[in-house]
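This report concerns only the one structure given below.
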Amino acid sequence: VHGLDKTLTNSNDRTKYITEFRLALVQLRVTKSKAENLNRTQRLVQEAAGQGAKVVVLPECFNSPYGTGFFAEYAEKIPGESSQALSETAKEFEIYLIGGSIPEEDGGKLFNTCSVFGPDGKLLVKHRKIHLFDINVPGKIRFQESEILSPGNSLSMFETPYCKVGIGICYDLRFAELAQIYAKKGCQLLIYPGAFNMTTGPAHWELLQRARAVDNQVYVATASPARDETASYVAWGHSSVINPWGEVITKAGSDEAIVYADIDLQYLADVRQQIPVTKQKRDDLYMVNIVHEG
């Protein structure tokens, strides 16, 4: 990828980062076969790495169908079968692999969990979905994750040679404060594996991503499962990357696909210099702070 030798010094901690890298979003068609899901994931990640991707993102619930009726059946410990496969894949292709999410079982509780692995295959961070998807839109959709899942209680960030990254899962995208704290802590890329549906997807999926990006002057990336009209929960698709100006720079359709974006952190720095909202915040009047580090 062009520009990988360029470096940028972070003004907060003087860390030097590589300023350009390729990001890939894998919009996987999820089936009821966990083995098939894992095998196809490995093949698609291999393809993305072959196209120069250094950071690869999988969708929410990539190893199982999405739905409260499936979570207990497909749940695993971490480490377990799916996370071990992700670790091996990340190491084989020397990439940062954001493992979408899987149903995780721990201590008798179930969580919606994203595991992130580095190029050496080591687990960097484990993000349990903080905000559970409990909604009721009369005549359109009712869904209650809290009927079976427990919420996570910590924010999740990790470092790469390119930038610091913050992780959320799907419904976490709706909560602006989470993104604000990530940006405040130095994240320049926010990644949200997600599965918005056919009601919330067309209404809010892109809008929320653009809002989080432009408000915080960060890159925002989302990875959705591909749309399966025969599934009990139909995902909207349209995995996307948004730049710090709020522009959509890549977007998938509804079918299984890999989409790419070349992330330019010098561009991010330029945007922040041109419109210096971070420096102009009125901390004497208002402030968003983290209460519990987790």
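Note on naming: chains are A, B, ... as they come in the structure tokens, residues start from 1 per chain, ligands start from 1 in the order shown.
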Inset, instruction - Determine, counting only C-alpha atoms, which protein, DNA and RNA residues have an atom within 7 Å of an atom of Glu76 of chain A; residues of the same chain fewer than 4 positions away are not included. Present the result as a count of residues only. - result: 4
Inset, instruction - Give the strand (DSSP E) residues of segment 168-206 of chain A, as DSSP finds them on the backbone, and put them as number ranges by chain. - result: A: 187-193
Inset, instruction - For each of A:Ile191, A:Ile242, A:Ala48, A:Ala231, take the minimum atom-to-atom distance to Asp264 of chain A, counting only C-alpha atoms, then give the residue where this is smallest. - result: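 Result for the nearest residue to Asp264 of chain A: A:Ile242.
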Inset, instruction - Would you list the contacts of segment 205-211 of chain A as a ChimeraX atom specification, taking every protein, DNA or RNA residue within 9 Å and counting only C-alpha atoms, but skipping same-chain residues closer than 2 positions in sequence? - result: /A:173-174,176,196,200-203,213-216,220-222,236,238,240-248
Legend entry - Top pick for closest residue to Lys54 of chain A, considering A:Tyr286, A:Phe175, A:Tyr74, A:Tyr162 and counting only C-alpha atoms: A:Tyr162
Do a neighbour search on Pro193 of chain A at 6 Å with only C-alpha atoms, toss out local chain neighbours closer than 3 positions, and write the hits as an mmCIF file with all heavy atoms, in the first residue's frame.
data_model
loop_
_atom_site.group_PDB
_atom_site.id
_atom_site.type_symbol
_atom_site.label_atom_id
_atom_site.label_comp_id
_atom_site.auth_asym_id
_atom_site.auth_seq_id
_atom_site.Cartn_x
_atom_site.Cartn_y
_atom_site.Cartn_z
ATOM 1 N N PRO A 59 -17.826 -9.396 10.718
ATOM 2 C CA PRO A 59 -19.118 -8.865 11.188
ATOM 3 C C PRO A 59 -19.524 -9.372 12.564
ATOM 4 O O PRO A 59 -18.964 -10.351 13.081
ATOM 5 C CB PRO A 59 -20.093 -9.374 10.126
ATOM 6 C CG PRO A 59 -19.459 -10.601 9.583
ATOM 7 C CD PRO A 59 -17.980 -10.380 9.644
ATOM 8 N N GLU A 60 -20.511 -8.703 13.127
ATOM 9 C CA GLU A 60 -21.119 -9.165 14.374
ATOM 10 C C GLU A 60 -21.697 -10.560 14.161
ATOM 11 O O GLU A 60 -22.278 -10.866 13.133
ATOM 12 C CB GLU A 60 -22.229 -8.205 14.806
ATOM 13 C CG GLU A 60 -22.896 -8.604 16.108
ATOM 14 C CD GLU A 60 -24.011 -7.661 16.537
ATOM 15 O OE1 GLU A 60 -24.586 -6.972 15.665
ATOM 16 O OE2 GLU A 60 -24.315 -7.613 17.740
ATOM 17 N N GLY A 100 -15.121 -9.549 14.669
ATOM 18 C CA GLY A 100 -16.565 -9.347 14.670
ATOM 19 C C GLY A 100 -17.124 -9.529 16.052
ATOM 20 O O GLY A 100 -16.771 -8.810 16.985
ATOM 21 N N ILE A 169 -19.737 -2.635 19.519
ATOM 22 C CA ILE A 169 -20.498 -3.637 18.771
ATOM 23 C C ILE A 169 -21.912 -3.122 18.533
ATOM 24 O O ILE A 169 -22.653 -2.854 19.477
ATOM 25 C CB ILE A 169 -20.546 -4.986 19.510
ATOM 26 C CG1 ILE A 169 -19.143 -5.569 19.692
ATOM 27 C CG2 ILE A 169 -21.433 -5.985 18.766
ATOM 28 C CD1 ILE A 169 -19.094 -6.852 20.521
ATOM 29 N N CYS A 170 -22.260 -2.947 17.272
ATOM 30 C CA CYS A 170 -23.615 -2.678 16.801
ATOM 31 C C CYS A 170 -24.332 -1.565 17.584
ATOM 32 O O CYS A 170 -24.098 -0.397 17.346
ATOM 33 C CB CYS A 170 -24.426 -3.973 16.811
ATOM 34 S SG CYS A 170 -25.890 -3.928 15.752
ATOM 35 N N THR A 222 -17.529 -0.101 9.896
ATOM 36 C CA THR A 222 -18.530 -1.059 10.362
ATOM 37 C C THR A 222 -18.511 -2.294 9.475
ATOM 38 O O THR A 222 -18.294 -2.202 8.270
ATOM 39 C CB THR A 222 -19.950 -0.457 10.316
ATOM 40 O OG1 THR A 222 -20.230 -0.020 8.980
ATOM 41 C CG2 THR A 222 -20.071 0.714 11.277
ATOM 42 N N ALA A 223 -18.722 -3.454 10.071
ATOM 43 C CA ALA A 223 -18.794 -4.698 9.312
ATOM 44 C C ALA A 223 -20.069 -5.436 9.686
ATOM 45 O O ALA A 223 -20.270 -5.805 10.845
ATOM 46 C CB ALA A 223 -17.576 -5.578 9.592
#
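Among the candidate residues A:Leu285, A:Leu123, A:Leu38, A:Leu132, the one lying nearest to Pro79 of chain A is A:Leu123, with distances computed using only C-alpha atoms.
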Legend entry - Nearest to Gly194 of chain A, chosen from A:Gln217, A:Thr230, A:Ser83, A:Ser239, with only C-alpha atoms counted in the distances: A:Ser239
Legend entry - Exercise: Gly121 of chain A partners within 8 Å, only C-alpha atoms, chain neighbours under 5 positions left out, as a list in words: Leu86, Ser87, Glu88, Thr89, Ala90 and Lys91 of chain A
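Each of A:His131, A:Thr19, A:Leu25, A:Ala72 was compared to Lys251 of chain A using only C-alpha atoms, and A:Leu25 turns out to be the nearest.
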Legend entry - Using only C-alpha atoms: which of A:Glu81, A:Asp106, A:Asp255, A:Asp262 has the shortest distance to Ala53 of chain A: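 Ranking A:Glu81, A:Asp106, A:Asp255, A:Asp262 by distance to Ala53 of chain A, first place goes to A:Asp262.
Atom CA of Ser156 of chain A sits 15.2 Å away from atom CA of Val57 of chain A.
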Inset, instruction - Find the residues around Val137 of chain A up to 10 Å (only C-alpha atoms counted), leave out those fewer than 5 positions away in its own chain, and share them as a list in words. - result: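 Contacts, in chain order: Arg142, Phe143, Thr199 and Thr200 of chain A.
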Inset, instruction - Kindly give the distance, in Å, that separates atom CA of Leu190 of chain A and atom CA of Lys109 of chain A, rounded to a single decimal. - result: 26.9 Å
Inset, instruction - Rounded to one decimal place, report the atom CA of Leu265 of chain A-atom CA of Gly186 of chain A distance in Å. - result: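 That distance, rounded to one decimal, is 12.5 Å.
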Spatial neighbours of Gly99 of chain A, 6 Å, only C-alpha atoms, chain gap at least 3 places, as a PDB file with N, CA and C atoms, in the first residue's frame:
ATOM      1  N   LEU A  58     -14.294  -8.469  10.819  1.00  0.00           N
ATOM      2  CA  LEU A  58     -15.383  -9.414  10.579  1.00  0.00           C
ATOM      3  C   LEU A  58     -16.691  -8.857  11.143  1.00  0.00           C
ATOM      4  N   CYS A 114     -16.404  -9.396  21.037  1.00  0.00           N
ATOM      5  CA  CYS A 114     -15.450  -9.209  19.943  1.00  0.00           C
ATOM      6  C   CYS A 114     -14.038  -9.439  20.470  1.00  0.00           C
ATOM      7  N   SER A 115     -13.320 -10.357  19.852  1.00  0.00           N
ATOM      8  CA  SER A 115     -11.914 -10.600  20.191  1.00  0.00           C
ATOM      9  C   SER A 115     -11.020 -10.045  19.097  1.00  0.00           C
ATOM     10  N   VAL A 116      -9.955  -9.366  19.500  1.00  0.00           N
ATOM     11  CA  VAL A 116      -9.017  -8.756  18.550  1.00  0.00           C
ATOM     12  C   VAL A 116      -7.660  -9.427  18.696  1.00  0.00           C
TER      13      VAL A 116
END
Legend entry - Backbone DSSP call of alpha helix (DSSP H) for segment 26-129 of chain A, listed as a PyMOL selection string: chain A and resi 34-50+68-74+81-93
Prev. selection, N, CA and C atoms, output as a CSV table (one decimal), in the first residue's frame:
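Result file selection39.csv:
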chain,number,residue,atom,x,y,z
A,34,LYS,N,-21.4,-23.7,11.8
A,34,LYS,CA,-20.3,-23.0,12.4
A,34,LYS,C,-19.0,-23.3,11.6
A,35,ALA,N,-18.8,-24.6,11.3
A,35,ALA,CA,-17.6,-25.0,10.6
A,35,ALA,C,-17.6,-24.3,9.2
A,36,GLU,N,-18.7,-24.2,8.5
A,36,GLU,CA,-18.7,-23.5,7.3
A,36,GLU,C,-18.4,-22.0,7.4
A,37,ASN,N,-18.9,-21.4,8.5
A,37,ASN,CA,-18.7,-20.0,8.7
A,37,ASN,C,-17.2,-19.7,9.0
A,38,LEU,N,-16.6,-20.6,9.8
A,38,LEU,CA,-15.2,-20.4,10.1
A,38,LEU,C,-14.3,-20.7,8.9
A,39,ASN,N,-14.6,-21.7,8.1
A,39,ASN,CA,-13.8,-21.9,6.9
A,39,ASN,C,-13.9,-20.8,5.9
A,40,ARG,N,-15.1,-20.3,5.7
A,40,ARG,CA,-15.3,-19.2,4.7
A,40,ARG,C,-14.6,-17.9,5.2
A,41,THR,N,-14.7,-17.7,6.5
A,41,THR,CA,-14.0,-16.5,7.1
A,41,THR,C,-12.5,-16.6,6.8
A,42,GLN,N,-11.9,-17.8,7.0
A,42,GLN,CA,-10.5,-17.9,6.8
A,42,GLN,C,-10.1,-17.6,5.3
A,43,ARG,N,-10.9,-18.1,4.4
A,43,ARG,CA,-10.7,-17.8,3.0
A,43,ARG,C,-10.8,-16.4,2.6
A,44,LEU,N,-11.8,-15.7,3.2
A,44,LEU,CA,-12.0,-14.3,2.8
A,44,LEU,C,-10.9,-13.4,3.5
A,45,VAL,N,-10.5,-13.8,4.7
A,45,VAL,CA,-9.4,-13.0,5.3
A,45,VAL,C,-8.1,-13.2,4.5
A,46,GLN,N,-7.9,-14.4,4.1
A,46,GLN,CA,-6.7,-14.6,3.2
A,46,GLN,C,-6.8,-13.8,2.0
A,47,GLU,N,-7.9,-13.7,1.4
A,47,GLU,CA,-8.1,-12.8,0.2
A,47,GLU,C,-7.8,-11.4,0.5
A,48,ALA,N,-8.3,-10.9,1.6
A,48,ALA,CA,-8.1,-9.5,2.0
A,48,ALA,C,-6.7,-9.2,2.3
A,49,ALA,N,-6.0,-10.1,3.0
A,49,ALA,CA,-4.6,-10.0,3.3
A,49,ALA,C,-3.8,-9.9,2.0
A,50,GLY,N,-4.2,-10.8,1.0
A,50,GLY,CA,-3.5,-10.8,-0.3
A,50,GLY,C,-3.7,-9.5,-1.1
A,68,THR,N,-31.7,-14.4,19.6
A,68,THR,CA,-31.7,-14.9,21.0
A,68,THR,C,-31.8,-16.4,21.1
A,69,GLY,N,-32.5,-17.0,20.1
A,69,GLY,CA,-32.7,-18.4,20.1
A,69,GLY,C,-31.4,-19.2,19.7
A,70,PHE,N,-30.4,-18.5,19.2
A,70,PHE,CA,-29.2,-19.2,18.7
A,70,PHE,C,-28.0,-19.0,19.7
A,71,PHE,N,-28.0,-17.9,20.5
A,71,PHE,CA,-26.8,-17.5,21.3
A,71,PHE,C,-26.3,-18.7,22.2
A,72,ALA,N,-27.2,-19.3,22.9
A,72,ALA,CA,-26.8,-20.3,23.9
A,72,ALA,C,-26.3,-21.6,23.1
A,73,GLU,N,-26.9,-21.9,22.0
A,73,GLU,CA,-26.4,-23.1,21.3
A,73,GLU,C,-25.0,-22.9,20.7
A,74,TYR,N,-24.7,-21.7,20.2
A,74,TYR,CA,-23.5,-21.5,19.5
A,74,TYR,C,-22.4,-20.9,20.5
A,81,GLU,N,-13.0,-22.6,20.2
A,81,GLU,CA,-12.8,-23.0,18.7
A,81,GLU,C,-12.7,-21.8,17.8
A,82,SER,N,-13.7,-20.9,17.9
A,82,SER,CA,-13.7,-19.8,17.0
A,82,SER,C,-12.5,-18.8,17.2
A,83,SER,N,-12.3,-18.5,18.5
A,83,SER,CA,-11.2,-17.5,18.8
A,83,SER,C,-9.8,-18.1,18.5
A,84,GLN,N,-9.7,-19.4,18.6
A,84,GLN,CA,-8.4,-20.1,18.3
A,84,GLN,C,-8.2,-20.0,16.8
A,85,ALA,N,-9.3,-20.2,16.0
A,85,ALA,CA,-9.2,-20.1,14.5
A,85,ALA,C,-8.8,-18.6,14.1
A,86,LEU,N,-9.4,-17.7,14.8
A,86,LEU,CA,-9.0,-16.3,14.5
A,86,LEU,C,-7.6,-16.0,14.8
A,87,SER,N,-7.1,-16.5,16.0
A,87,SER,CA,-5.7,-16.3,16.4
A,87,SER,C,-4.8,-16.9,15.3
A,88,GLU,N,-5.0,-18.1,14.9
A,88,GLU,CA,-4.2,-18.7,13.9
A,88,GLU,C,-4.2,-18.0,12.6
A,89,THR,N,-5.4,-17.5,12.2
A,89,THR,CA,-5.5,-16.8,10.9
A,89,THR,C,-4.8,-15.4,11.0
A,90,ALA,N,-4.9,-14.7,12.1
A,90,ALA,CA,-4.2,-13.5,12.2
A,90,ALA,C,-2.7,-13.7,12.1
A,91,LYS,N,-2.2,-14.7,12.8
A,91,LYS,CA,-0.8,-15.0,12.8
A,91,LYS,C,-0.3,-15.5,11.4
A,92,GLU,N,-1.1,-16.3,10.7
A,92,GLU,CA,-0.7,-16.8,9.4
A,92,GLU,C,-0.5,-15.7,8.4
A,93,PHE,N,-1.4,-14.7,8.4
A,93,PHE,CA,-1.4,-13.6,7.4
A,93,PHE,C,-0.8,-12.3,8.0
